[in-house]
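Everything below belongs to final.txt, which stores compact mmCIF, C-alpha atoms.
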```txt
# COMPACT_ATOMS: atom_id res chain seq x y z
CA MET E 173 16.10 1.15 -65.30
CA ASP E 174 19.49 0.37 -63.83
CA LEU E 175 19.61 1.66 -60.27
CA ALA E 176 22.83 3.04 -58.82
CA PRO E 177 23.70 5.40 -55.98
CA PRO E 178 23.75 9.03 -57.15
CA SER E 179 27.25 10.13 -58.08
CA PRO E 180 28.80 13.18 -56.39
CA LYS E 181 27.99 15.13 -59.56
CA THR E 182 24.30 14.25 -59.45
CA GLN E 183 24.15 15.16 -55.78
CA ALA E 184 25.94 18.49 -55.82
CA SER E 185 26.30 19.82 -59.38
CA SER E 186 24.07 20.89 -62.23
CA LEU E 187 22.92 18.34 -64.81
CA THR E 188 22.23 18.97 -68.49
CA VAL E 189 20.18 16.57 -70.62
CA LEU E 190 19.15 16.40 -74.27
CA GLY E 191 15.61 15.06 -74.63
CA LEU E 192 14.01 13.63 -77.79
CA GLU E 193 10.33 12.92 -78.45
CA SER E 194 8.59 11.24 -81.43
CA SER E 195 5.72 9.16 -80.02
CA CYS E 196 2.92 10.49 -82.24
CA ASP E 197 2.99 13.36 -84.75
CA GLU E 198 5.37 15.89 -83.21
CA THR E 199 9.12 15.55 -83.61
CA ALA E 200 10.77 17.40 -80.73
CA ALA E 201 14.15 18.06 -79.16
CA ALA E 202 14.95 20.03 -76.03
CA ILE E 203 17.86 20.69 -73.70
CA LEU E 204 17.27 21.26 -69.99
CA ARG E 205 19.63 22.08 -67.17
CA ARG E 206 18.84 21.17 -63.58
CA HIS E 207 20.86 23.35 -61.23
CA ALA E 208 22.18 22.12 -57.88
CA THR E 209 19.37 24.12 -56.24
CA GLY E 210 16.80 22.01 -58.10
CA GLU E 211 15.81 24.88 -60.39
CA VAL E 212 15.17 23.79 -63.99
CA GLU E 213 16.27 25.93 -66.94
CA VAL E 214 15.06 25.30 -70.49
CA LEU E 215 18.02 25.99 -72.80
CA ALA E 216 16.39 24.86 -76.06
CA ASP E 217 12.90 23.68 -76.92
CA LEU E 218 12.04 22.77 -80.54
CA VAL E 219 8.90 21.09 -81.89
CA LEU E 220 8.24 20.19 -85.53
CA GLY E 221 4.60 19.33 -86.25
CA GLN E 222 3.13 17.23 -89.05
CA THR E 223 -0.35 18.75 -89.34
CA GLU E 224 -0.17 19.36 -93.08
CA ALA E 225 0.92 15.78 -93.79
CA HIS E 226 -1.96 14.22 -91.86
CA ALA E 227 -4.73 16.75 -92.52
CA PRO E 228 -5.96 15.13 -95.77
CA PHE E 229 -6.63 11.92 -93.81
CA GLY E 230 -8.38 13.54 -90.85
CA GLY E 231 -6.06 11.83 -88.37
CA VAL E 232 -2.51 10.65 -87.76
CA VAL E 233 -1.28 8.03 -90.25
CA PRO E 234 1.39 5.96 -88.42
CA GLU E 235 3.50 5.23 -91.49
CA ILE E 236 3.62 8.89 -92.54
CA ALA E 237 4.44 9.94 -88.97
CA ALA E 238 7.29 7.42 -88.61
CA ARG E 239 8.88 8.48 -91.90
CA ALA E 240 8.67 12.17 -91.00
CA HIS E 241 10.25 11.54 -87.58
CA ALA E 242 13.11 9.57 -89.11
CA GLU E 243 13.82 12.37 -91.58
CA ALA E 244 13.72 15.18 -89.01
CA ILE E 245 15.01 13.90 -85.67
CA ASP E 246 18.78 14.12 -86.35
CA GLY E 247 18.57 17.67 -87.64
CA LEU E 248 16.29 18.78 -84.82
CA ALA E 249 18.67 17.39 -82.19
CA ALA E 250 21.54 19.27 -83.83
CA ALA E 251 19.45 22.46 -83.95
CA ALA E 252 18.66 22.17 -80.24
CA LEU E 253 22.35 21.88 -79.39
CA GLN E 254 23.10 24.88 -81.58
CA GLU E 255 20.33 26.94 -79.96
CA ALA E 256 21.66 26.12 -76.50
CA GLY E 257 25.24 26.85 -77.58
CA LEU E 258 26.35 23.41 -76.39
CA THR E 259 27.76 20.16 -77.79
CA LEU E 260 27.10 16.52 -76.98
CA ALA E 261 30.20 16.59 -74.79
CA ASP E 262 28.40 19.09 -72.55
CA MET E 263 25.50 16.71 -71.95
CA ASP E 264 25.29 14.58 -68.81
CA GLY E 265 22.74 12.27 -70.38
CA ILE E 266 20.53 11.63 -73.42
CA ALA E 267 16.82 11.04 -72.76
CA ALA E 268 14.21 9.82 -75.24
CA THR E 269 10.64 8.62 -75.24
CA SER E 270 10.69 4.82 -75.12
CA GLY E 271 6.90 4.45 -75.17
CA PRO E 272 3.98 4.34 -75.16
CA GLY E 273 3.06 5.53 -78.63
CA LEU E 274 3.07 4.64 -82.31
CA ILE E 275 5.89 2.12 -82.39
CA GLY E 276 7.49 3.39 -85.61
CA GLY E 277 7.59 6.89 -84.21
CA VAL E 278 8.88 5.83 -80.80
CA MET E 279 11.78 4.03 -82.47
CA ALA E 280 12.92 7.21 -84.25
CA ALA E 281 13.74 9.15 -81.08
CA LEU E 282 14.90 6.13 -79.10
CA MET E 283 17.31 4.84 -81.75
CA THR E 284 18.70 8.32 -82.31
CA ALA E 285 19.24 8.73 -78.56
CA LYS E 286 20.99 5.37 -78.39
CA GLY E 287 23.33 6.34 -81.19
CA LEU E 288 24.15 9.69 -79.59
CA ALA E 289 24.64 8.12 -76.17
CA LEU E 290 26.93 5.43 -77.56
CA GLY E 291 28.94 7.80 -79.72
CA ALA E 292 29.40 10.43 -77.00
CA GLY E 293 29.81 7.98 -74.13
CA LYS E 294 26.82 9.41 -72.26
CA PRO E 295 24.13 7.65 -70.16
CA LEU E 296 20.81 6.84 -71.82
CA ILE E 297 17.52 7.47 -70.03
CA ALA E 298 14.53 5.72 -71.64
CA VAL E 299 11.51 7.82 -70.61
CA ASN E 300 7.88 6.81 -70.24
CA HIS E 301 6.03 9.42 -72.29
CA LEU E 302 3.23 9.47 -69.72
CA GLU E 303 5.68 10.33 -66.97
CA GLY E 304 6.85 13.23 -69.09
CA HIS E 305 3.30 14.57 -69.02
CA ALA E 306 2.98 13.77 -65.32
CA LEU E 307 6.03 15.87 -64.48
CA SER E 308 5.46 18.62 -67.09
CA PRO E 309 3.97 21.24 -64.72
CA ARG E 310 7.28 21.15 -62.84
CA LEU E 311 8.88 22.78 -65.90
CA SER E 312 7.49 26.13 -64.78
CA GLN E 313 6.53 25.84 -61.11
CA SER E 314 6.90 23.80 -57.97
CA ALA E 315 4.66 20.76 -57.51
CA GLU E 316 5.47 18.84 -54.36
CA PHE E 317 4.82 15.12 -53.98
CA PRO E 318 2.42 13.53 -53.32
CA TYR E 319 -0.11 14.95 -55.76
CA LEU E 320 -3.25 13.90 -57.57
CA LEU E 321 -2.74 13.59 -61.31
CA LEU E 322 -5.27 13.69 -64.14
CA LEU E 323 -3.52 12.59 -67.33
CA VAL E 324 -5.83 13.42 -70.22
CA SER E 325 -4.91 13.22 -73.90
CA GLY E 326 -5.84 11.65 -77.22
CA GLY E 327 -4.69 8.21 -76.13
CA HIS E 328 -5.02 8.24 -72.35
CA THR E 329 -7.40 9.36 -69.64
CA GLN E 330 -6.21 8.34 -66.18
CA LEU E 331 -6.36 9.45 -62.56
CA LEU E 332 -3.28 8.59 -60.52
CA ILE E 333 -1.54 9.48 -57.30
CA ALA E 334 2.06 10.55 -57.86
CA GLU E 335 4.12 9.76 -54.76
CA ASP E 336 7.52 10.45 -56.28
CA VAL E 337 9.38 10.27 -59.57
CA GLY E 338 8.73 6.74 -60.83
CA VAL E 339 6.14 5.97 -58.13
CA TYR E 340 2.53 6.17 -59.36
CA HIS E 341 -0.72 4.53 -58.21
CA ARG E 342 -3.64 4.34 -60.60
CA LEU E 343 -7.10 5.21 -59.28
CA GLY E 344 -8.98 5.00 -62.55
CA SER E 345 -8.60 4.81 -66.32
CA THR E 346 -10.77 4.80 -69.43
CA ILE E 347 -12.68 1.62 -70.15
CA ASP E 348 -13.00 2.49 -73.84
CA ASP E 349 -12.10 5.77 -75.57
CA ALA E 350 -9.94 8.54 -74.14
CA ALA E 351 -11.30 12.07 -73.76
CA GLY E 352 -9.04 13.42 -76.50
CA GLU E 353 -10.19 10.68 -78.83
CA ALA E 354 -13.80 11.72 -78.23
CA PHE E 355 -12.88 15.30 -79.11
CA ASP E 356 -10.99 14.28 -82.24
CA LYS E 357 -13.51 11.78 -83.61
CA THR E 358 -16.47 14.08 -82.99
CA ALA E 359 -14.65 16.86 -84.81
CA LYS E 360 -13.96 14.51 -87.71
CA VAL E 361 -17.63 13.49 -87.95
CA MET E 362 -18.62 17.17 -88.00
CA GLY E 363 -15.99 18.03 -90.60
CA LEU E 364 -14.28 20.60 -88.38
CA GLY E 365 -10.74 19.87 -89.57
CA PHE E 366 -7.53 18.48 -88.13
CA PRO E 367 -6.32 18.48 -85.41
CA GLY E 368 -9.80 17.85 -84.12
CA GLY E 369 -9.58 18.88 -80.47
CA PRO E 370 -8.50 22.49 -81.04
CA ALA E 371 -10.89 22.76 -84.02
CA LEU E 372 -13.84 21.65 -81.89
CA GLU E 373 -12.89 24.11 -79.14
CA ARG E 374 -12.76 26.99 -81.62
CA CYS E 375 -16.15 26.02 -83.01
CA ALA E 376 -17.64 25.63 -79.51
CA ALA E 377 -16.69 29.21 -78.62
CA ARG E 378 -19.68 30.39 -80.70
CA GLY E 379 -22.09 27.76 -79.39
CA ASP E 380 -24.77 27.21 -76.78
CA ALA E 381 -23.72 24.27 -74.59
CA SER E 382 -27.30 23.72 -73.41
CA ARG E 383 -28.69 23.24 -76.93
CA PHE E 384 -28.26 19.46 -77.06
CA ASP E 385 -28.82 17.02 -74.20
CA LEU E 386 -25.78 14.75 -74.00
CA PRO E 387 -25.02 12.16 -71.31
CA VAL E 388 -22.26 12.74 -68.74
CA PRO E 389 -20.47 9.36 -68.87
CA MET E 390 -20.14 7.32 -65.65
CA LYS E 391 -21.76 10.13 -63.65
CA THR E 392 -23.41 7.83 -61.10
CA LYS E 393 -20.96 4.92 -61.25
CA PRO E 394 -18.66 4.22 -58.28
CA GLY E 395 -14.92 4.49 -58.64
CA CYS E 396 -12.76 6.71 -60.83
CA ASP E 397 -12.89 5.03 -64.26
CA PHE E 398 -13.90 6.94 -67.39
CA SER E 399 -15.93 6.12 -70.50
CA PHE E 400 -16.38 8.32 -73.57
CA ALA E 401 -17.55 5.88 -76.28
CA GLY E 402 -21.23 6.41 -75.44
CA LEU E 403 -20.89 10.18 -75.52
CA LYS E 404 -19.12 10.00 -78.87
CA THR E 405 -21.92 7.80 -80.25
CA ALA E 406 -24.65 10.10 -78.89
CA ALA E 407 -23.00 13.12 -80.52
CA ARG E 408 -22.79 11.30 -83.85
CA GLN E 409 -26.46 10.34 -83.68
CA ILE E 410 -27.45 13.95 -83.07
CA TRP E 411 -25.26 15.07 -85.96
CA ASP E 412 -26.68 12.46 -88.32
CA GLY E 413 -30.21 13.52 -87.33
CA LEU E 414 -29.68 17.14 -88.30
CA GLU E 415 -30.87 18.14 -91.77
CA GLN E 416 -28.32 20.41 -93.43
CA PRO E 417 -26.80 21.68 -90.17
CA GLY E 418 -25.77 25.32 -90.24
CA GLU E 419 -22.86 27.00 -88.54
CA GLN E 420 -24.86 27.69 -85.37
CA GLU E 421 -25.95 24.07 -85.03
CA LYS E 422 -22.32 23.00 -85.50
CA ALA E 423 -21.22 25.41 -82.79
CA ASP E 424 -23.99 24.33 -80.41
CA LEU E 425 -23.18 20.64 -80.78
CA ALA E 426 -19.46 21.30 -80.37
CA ALA E 427 -20.14 23.30 -77.20
CA SER E 428 -22.45 20.58 -75.85
CA VAL E 429 -19.87 17.84 -76.45
CA GLN E 430 -17.09 19.91 -74.91
CA GLN E 431 -19.16 20.63 -71.80
CA ALA E 432 -20.17 16.97 -71.38
CA ILE E 433 -16.52 15.87 -71.55
CA ALA E 434 -15.48 18.58 -69.08
CA ARG E 435 -18.25 17.60 -66.66
CA ALA E 436 -17.25 13.94 -66.83
CA LEU E 437 -13.61 14.76 -66.12
CA ALA E 438 -14.59 17.00 -63.22
CA ALA E 439 -17.00 14.47 -61.69
CA ARG E 440 -14.50 11.61 -61.70
CA SER E 441 -11.72 13.89 -60.48
CA LYS E 442 -13.92 14.89 -57.53
CA ARG E 443 -14.16 11.23 -56.51
CA ALA E 444 -10.39 10.87 -56.80
CA MET E 445 -9.91 13.94 -54.59
CA SER E 446 -11.87 12.24 -51.81
CA LEU E 447 -9.69 9.13 -52.13
CA PHE E 448 -6.54 11.25 -52.05
CA ARG E 449 -7.63 12.98 -48.85
CA GLU E 450 -8.39 9.63 -47.23
CA ARG E 451 -4.96 8.29 -48.16
CA TYR E 452 -3.01 11.42 -47.23
CA PRO E 453 -4.75 13.08 -44.28
CA GLY E 454 -1.50 14.79 -43.35
CA VAL E 455 -1.46 17.02 -46.44
CA ILE E 456 -2.24 20.47 -45.06
CA GLY E 457 -3.81 23.23 -47.10
CA PRO E 458 -4.76 23.01 -50.78
CA ALA E 459 -3.45 19.72 -52.15
CA PRO E 460 -1.86 19.77 -55.61
CA PHE E 461 -4.11 18.60 -58.45
CA ILE E 462 -1.97 18.22 -61.58
CA VAL E 463 -3.69 18.18 -64.96
CA ALA E 464 -1.48 17.26 -67.92
CA GLY E 465 -1.77 16.07 -71.51
CA GLY E 466 -3.14 17.63 -74.67
CA VAL E 467 -6.71 18.01 -73.39
CA ALA E 468 -5.35 20.11 -70.51
CA ALA E 469 -4.99 22.88 -73.08
CA ASN E 470 -8.79 23.10 -73.49
CA GLY E 471 -10.07 26.23 -71.77
CA THR E 472 -13.48 24.84 -70.78
CA VAL E 473 -11.90 21.71 -69.31
CA ARG E 474 -9.36 23.76 -67.35
CA SER E 475 -12.04 26.11 -66.03
CA MET E 476 -14.34 23.34 -64.82
CA LEU E 477 -11.50 21.38 -63.24
CA SER E 478 -10.26 24.55 -61.53
CA GLU E 479 -13.69 25.17 -60.02
CA THR E 480 -13.93 21.56 -58.83
CA ALA E 481 -10.46 21.69 -57.33
CA ALA E 482 -11.16 24.90 -55.42
CA ALA E 483 -14.44 23.52 -54.06
CA GLU E 484 -12.68 20.36 -52.81
CA GLY E 485 -9.68 22.09 -51.25
CA PHE E 486 -7.23 21.40 -54.07
CA GLU E 487 -5.09 23.67 -56.21
CA LEU E 488 -5.15 23.12 -59.97
CA ILE E 489 -1.66 23.06 -61.45
CA ALA E 490 -1.24 22.68 -65.21
CA PRO E 491 1.71 23.24 -67.52
CA PRO E 492 1.76 26.27 -69.81
CA MET E 493 -0.13 25.63 -73.03
CA LYS E 494 3.05 24.97 -75.06
CA TRP E 495 3.91 22.03 -72.78
CA CYS E 496 0.43 20.46 -72.69
CA THR E 497 0.80 18.75 -76.05
CA ASP E 498 3.70 16.42 -76.89
CA ASN E 499 7.10 18.06 -76.46
CA ALA E 500 10.69 17.14 -75.63
CA ALA E 501 11.08 19.53 -72.69
CA MET E 502 9.00 17.21 -70.53
CA ILE E 503 11.04 14.20 -71.73
CA ALA E 504 14.29 15.96 -70.84
CA LEU E 505 12.82 16.86 -67.44
CA ALA E 506 11.89 13.25 -66.71
CA GLY E 507 15.38 12.26 -67.85
CA LEU E 508 16.93 14.80 -65.48
CA GLU E 509 14.88 13.57 -62.54
CA HIS E 510 15.90 9.95 -63.10
CA LEU E 511 19.51 10.80 -63.82
CA ALA E 512 19.72 12.81 -60.59
CA ARG E 513 18.63 9.63 -58.80
CA GLY E 514 21.27 7.56 -60.53
CA GLN E 515 18.72 5.76 -62.71
CA THR E 516 19.80 5.08 -66.29
CA ASP E 517 19.12 2.48 -68.99
CA GLY E 518 21.16 0.13 -71.14
CA LEU E 519 21.37 0.40 -74.90
CA ASP E 520 19.00 -2.57 -75.12
CA ALA E 521 16.09 -0.49 -73.74
CA PRO E 522 13.05 -1.50 -75.83
CA ALA E 523 10.63 0.67 -77.77
CA ARG E 524 7.13 0.03 -76.41
CA ALA E 525 3.74 0.61 -77.97
CA ARG E 526 2.15 0.09 -74.52
CA TRP E 527 3.78 1.13 -71.27
CA PRO E 528 1.43 1.81 -68.35
CA LEU E 529 2.64 4.46 -65.94
CA ASP E 530 1.43 2.31 -63.06
CA ALA E 531 2.29 -1.16 -64.32
CA SER E 532 1.15 -3.08 -61.23
CA SER E 533 -2.38 -1.62 -61.25
CA ALA E 534 -2.71 -2.06 -65.00
CA LYS E 535 -1.77 -5.73 -64.66
CA LEU E 536 -4.24 -6.36 -61.84
CA ASP E 537 -7.10 -4.34 -63.28
CA PRO E 538 -6.56 -3.59 -66.96
CA ALA E 539 -8.83 -1.13 -68.72
CA ILE E 540 -9.45 -2.50 -72.19
CA GLY E 541 -10.73 -0.29 -74.97
CA SER E 542 -12.26 -1.22 -78.29
CA GLY E 543 -11.61 1.97 -80.21
CA ARG E 544 -9.25 2.41 -83.15
CA LYS E 545 -6.34 3.14 -80.85
CA GLY E 546 -6.82 -0.13 -78.96
CA PRO E 547 -6.36 -0.83 -75.24
CA LYS E 548 -5.86 2.09 -72.92
CA ALA E 549 -3.66 0.92 -70.04
```
Let me see whether you can do it: turn the structure in this file into structure tokens.
Amino acid sequence: MDLAPPSPKTQASSLTVLGLESSCDETAAAILRRHATGEVEVLADLVLGQTEAHAPFGGVVPEIAARAHAEAIDGLAAAALQEAGLTLADMDGIAATSGPGLIGGVMAALMTAKGLALGAGKPLIAVNHLEGHALSPRLSQSAEFPYLLLLVSGGHTQLLIAEDVGVYHRLGSTIDDAAGEAFDKTAKVMGLGFPGGPALERCAARGDASRFDLPVPMKTKPGCDFSFAGLKTAARQIWDGLEQPGEQEKADLAASVQQAIARALAARSKRAMSLFRERYPGVIGPAPFIVAGGVAANGTVRSMLSETAAAEGFELIAPPMKWCTDNAAMIALAGLEHLARGQTDGLDAPARARWPLDASSAKLDPAIGSGRKGPKA
């Protein structure tokens, strides 16, 4: 990003930003206003899903996703402006996801944002999608820096310390599959439907989580890294060993998998909480523990993380359910935060399939995965 001193407007006046998101299978547009007091107001928030297009394949097909984004993004941006009762001239900046994500999808929002920024003479803010998630709880409540962050989704499972906007330190990441990927692939094996994570949670609601003995990944390992490939394999082996599984067996296995994932997330987060306290002994009272990303919408995961946080002297803070999954409100928020600091991007900002939130840690200690989605930085 280009760094410049904040202008008088960014210091003393409100800012309004149009945000665009298209990194996976949701096309989204939102308009946010950040008042001089720091209060954030959501003026428009639109999301167009692609579930029906991908359901026959049991997962997101990149080519189908990219085409759908390209067809919808212009109209969705116009609809957001109409809903807010504003025009491009009223915007102080245009923000868009610049990565990480499916590269064809990322390009749809980013190229649209570049065109709008150029045509309207507005600054462009190229947003790291992961930072959007990291800041998303601040859409609805205060979350003061520094805070501990668990970023958990279909493509990423990371523990980081957020010191400020744009300043993140990675404590641990997945060495293979992400938690959301384990949810989705297990659901696909069991034939639960798409999207897999929510389908598995619905099925698990009727199940006995103690029915099947599944490993809690990395339970006794030092550090804060995650691993879910072994759990996914163990669940598949149990499923393949069942003869004509009935609805109750489906529910029991779903509940067992869900609980194992939740326990793994809680155990590694507990280690990260100890590291946070060591690094920031001056934080008085319950320290913020931010949980963001699609898996943060899972009730069992939230409940177990909330219990762990309370036991360790932390306060769980998560975005409302509608802002857990991919959305443009979080992208607009990240854009607002950077714009308020005088940080904008040129029209040559690249679309990135990989863009670690904490680039220095990822370079020194990369976490390489072998699943279908490739490396998890």
Kindly provide the residues of range 224-339 of chain E that approach range 393-412 of chain E to within 9 Å, each paired with its closest atom pair and their distance in Å to one decimal, based on all atoms listed in the file, listed by chain and increasing number, as a Markdown table.
```
| residue | atom | partner | partner_atom | distance |
| --- | --- | --- | --- | --- |
| E:Thr329 | CA | E:Phe398 | CA | 7.3 |
| E:Gln330 | CA | E:Asp397 | CA | 7.7 |
| E:Leu331 | CA | E:Cys396 | CA | 7.2 |
```
Exercise. Counting only C-alpha atoms, figure out which residue out of E:Val429, E:Ala242, E:Gly293, E:Glu419 gets nearest to Asp385 in chain E.
Key: E:Val429
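Closest approach to Thr209 in chain E from the set E:Leu386, E:Ala371, E:Leu258, E:Leu187 is made by E:Leu187, with distances taken over all atoms listed in the file.
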Self-check item: Test item: residues at most 12 Å from Ala315 in chain E, all atoms listed in the file, excluding those fewer than 3 positions along its chain, as a ChimeraX atom specification
Solution: /E:306-312,318-321,334-337,458-463,487-491
Residues of range 203-237 of chain E that approach range 243-246 of chain E to 12 Å or less, counting all atoms listed in the file: could you list each one with the shortest pair of atoms and its distance in Å to one decimal, rows by chain and increasing residue number, as a Markdown table?
```
| residue | atom | partner | partner_atom | distance |
| --- | --- | --- | --- | --- |
| E:Leu218 | CA | E:Ile245 | CA | 10.7 |
| E:Val219 | CA | E:Ile245 | CA | 10.2 |
| E:Leu220 | CA | E:Ala244 | CA | 8.2 |
| E:Gly221 | CA | E:Ala244 | CA | 10.4 |
| E:Gln222 | CA | E:Ala244 | CA | 10.8 |
| E:Ile236 | CA | E:Glu243 | CA | 10.8 |
| E:Ala237 | CA | E:Glu243 | CA | 10.0 |
```
Quiz item: Within 6 Å of (-6.1, 8.1, -60.9), all atoms listed in the file: residues as a VMD selection string?
Solution: chain E and resid 330 to 333 342 to 344
Quiz prompt | Atomic separation - CA of Ala227 in chain E relative to CA of Ala268 in chain E, Å | solution =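 According to the coordinates, CA of Ala268 in chain E and CA of Ala227 in chain E are separated by 26.6 Å.
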Quiz item: Hey, what's within 12 Å of Glu211 in chain E if we count only C-alpha atoms and toss same-chain stuff fewer than 6 positions away? As a list in words, please?
Solution: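 Close residues of Glu211 in chain E: Ser185, Ser186, Leu187, Thr188, Leu204, Arg205, Arg310, Leu311, Ser312, Gln313, Ser314, Leu505, Leu508 and Glu509 of chain E.
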Exercise. Measuring atom to atom with all atoms listed in the file, identify which of E:Gly230, E:Ala251, E:Ala256, E:Leu282 is nearest to Val214 in chain E.
Key: E:Ala256
As AutoDock Vina command-line options, what would the box around range 277-295 of chain E look like: edges along x, y and z, 8 Å added on every side, centre and edge lengths in Å to one decimal?
```
--center_x 18.7 --center_y 7.2 --center_z -77.2 --size_x 38.2 --size_y 22.4 --size_z 30.1
```
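Shortest separation to Gly365 in chain E among E:Gln430, E:Glu479, E:Ala280, E:Gly231 occurs at residue E:Gly231, atoms counted being only C-alpha atoms.
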Practice problem: To one decimal in Å, tell me the separation between CA of Gly273 in chain E and CA of Asp348 in chain E. | Solution: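 Interatomic distance, CA of Gly273 in chain E to CA of Asp348 in chain E: 17.0 Å.
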Self-check item: Separation of CA of Leu302 in chain E from CA of Pro272 in chain E, in Å and rounded to one decimal
Solution: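 According to the coordinates, CA of Leu302 in chain E and CA of Pro272 in chain E are separated by 7.5 Å.
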Exercise. Might you pull out every residue within 8 Å of Glu193 in chain E, with all atoms listed in the file counted and same-chain residues fewer than 2 positions away left off, and present them as a PyMOL selection string?
Key: chain E and resi 191+195+198-201+268-269+278+281+498-500+503
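Nearest to Ala298 in chain E of all the residues E:Ala202, E:Ala427, E:Leu190, E:Leu322 is E:Leu190, counting only C-alpha atoms.
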Exercise. Rank nothing, just name the residue among E:Ala376, E:Ile456, E:Leu253, E:Leu425 nearest to Val361 in chain E, using all atoms listed in the file.
Key: E:Leu425
Exercise. Please identify all polymer residues within 12 Å of Thr392 in chain E, counting only C-alpha atoms, omitting same-chain residues fewer than 5 positions from it, and present them as a PyMOL selection string.
Key: chain E and resi 387+397-398+436+439-440+443
Quiz item: Which residues, written as a ChimeraX atom specification, have at least one atom at most 12 Å from Pro367 in chain E, with all atoms listed in the file counted and residues fewer than 6 positions away on the same chain left out?
Solution: /E:197,221-232,326,352-353,355-360,373-374,466,497
Quiz item: Can you find the residues with an atom no farther than 8 Å from (2.2, 0.8, -75.0), counting only C-alpha atoms, and report them as a PyMOL selection string?
Solution: chain E and resi 271-273+524-528+549
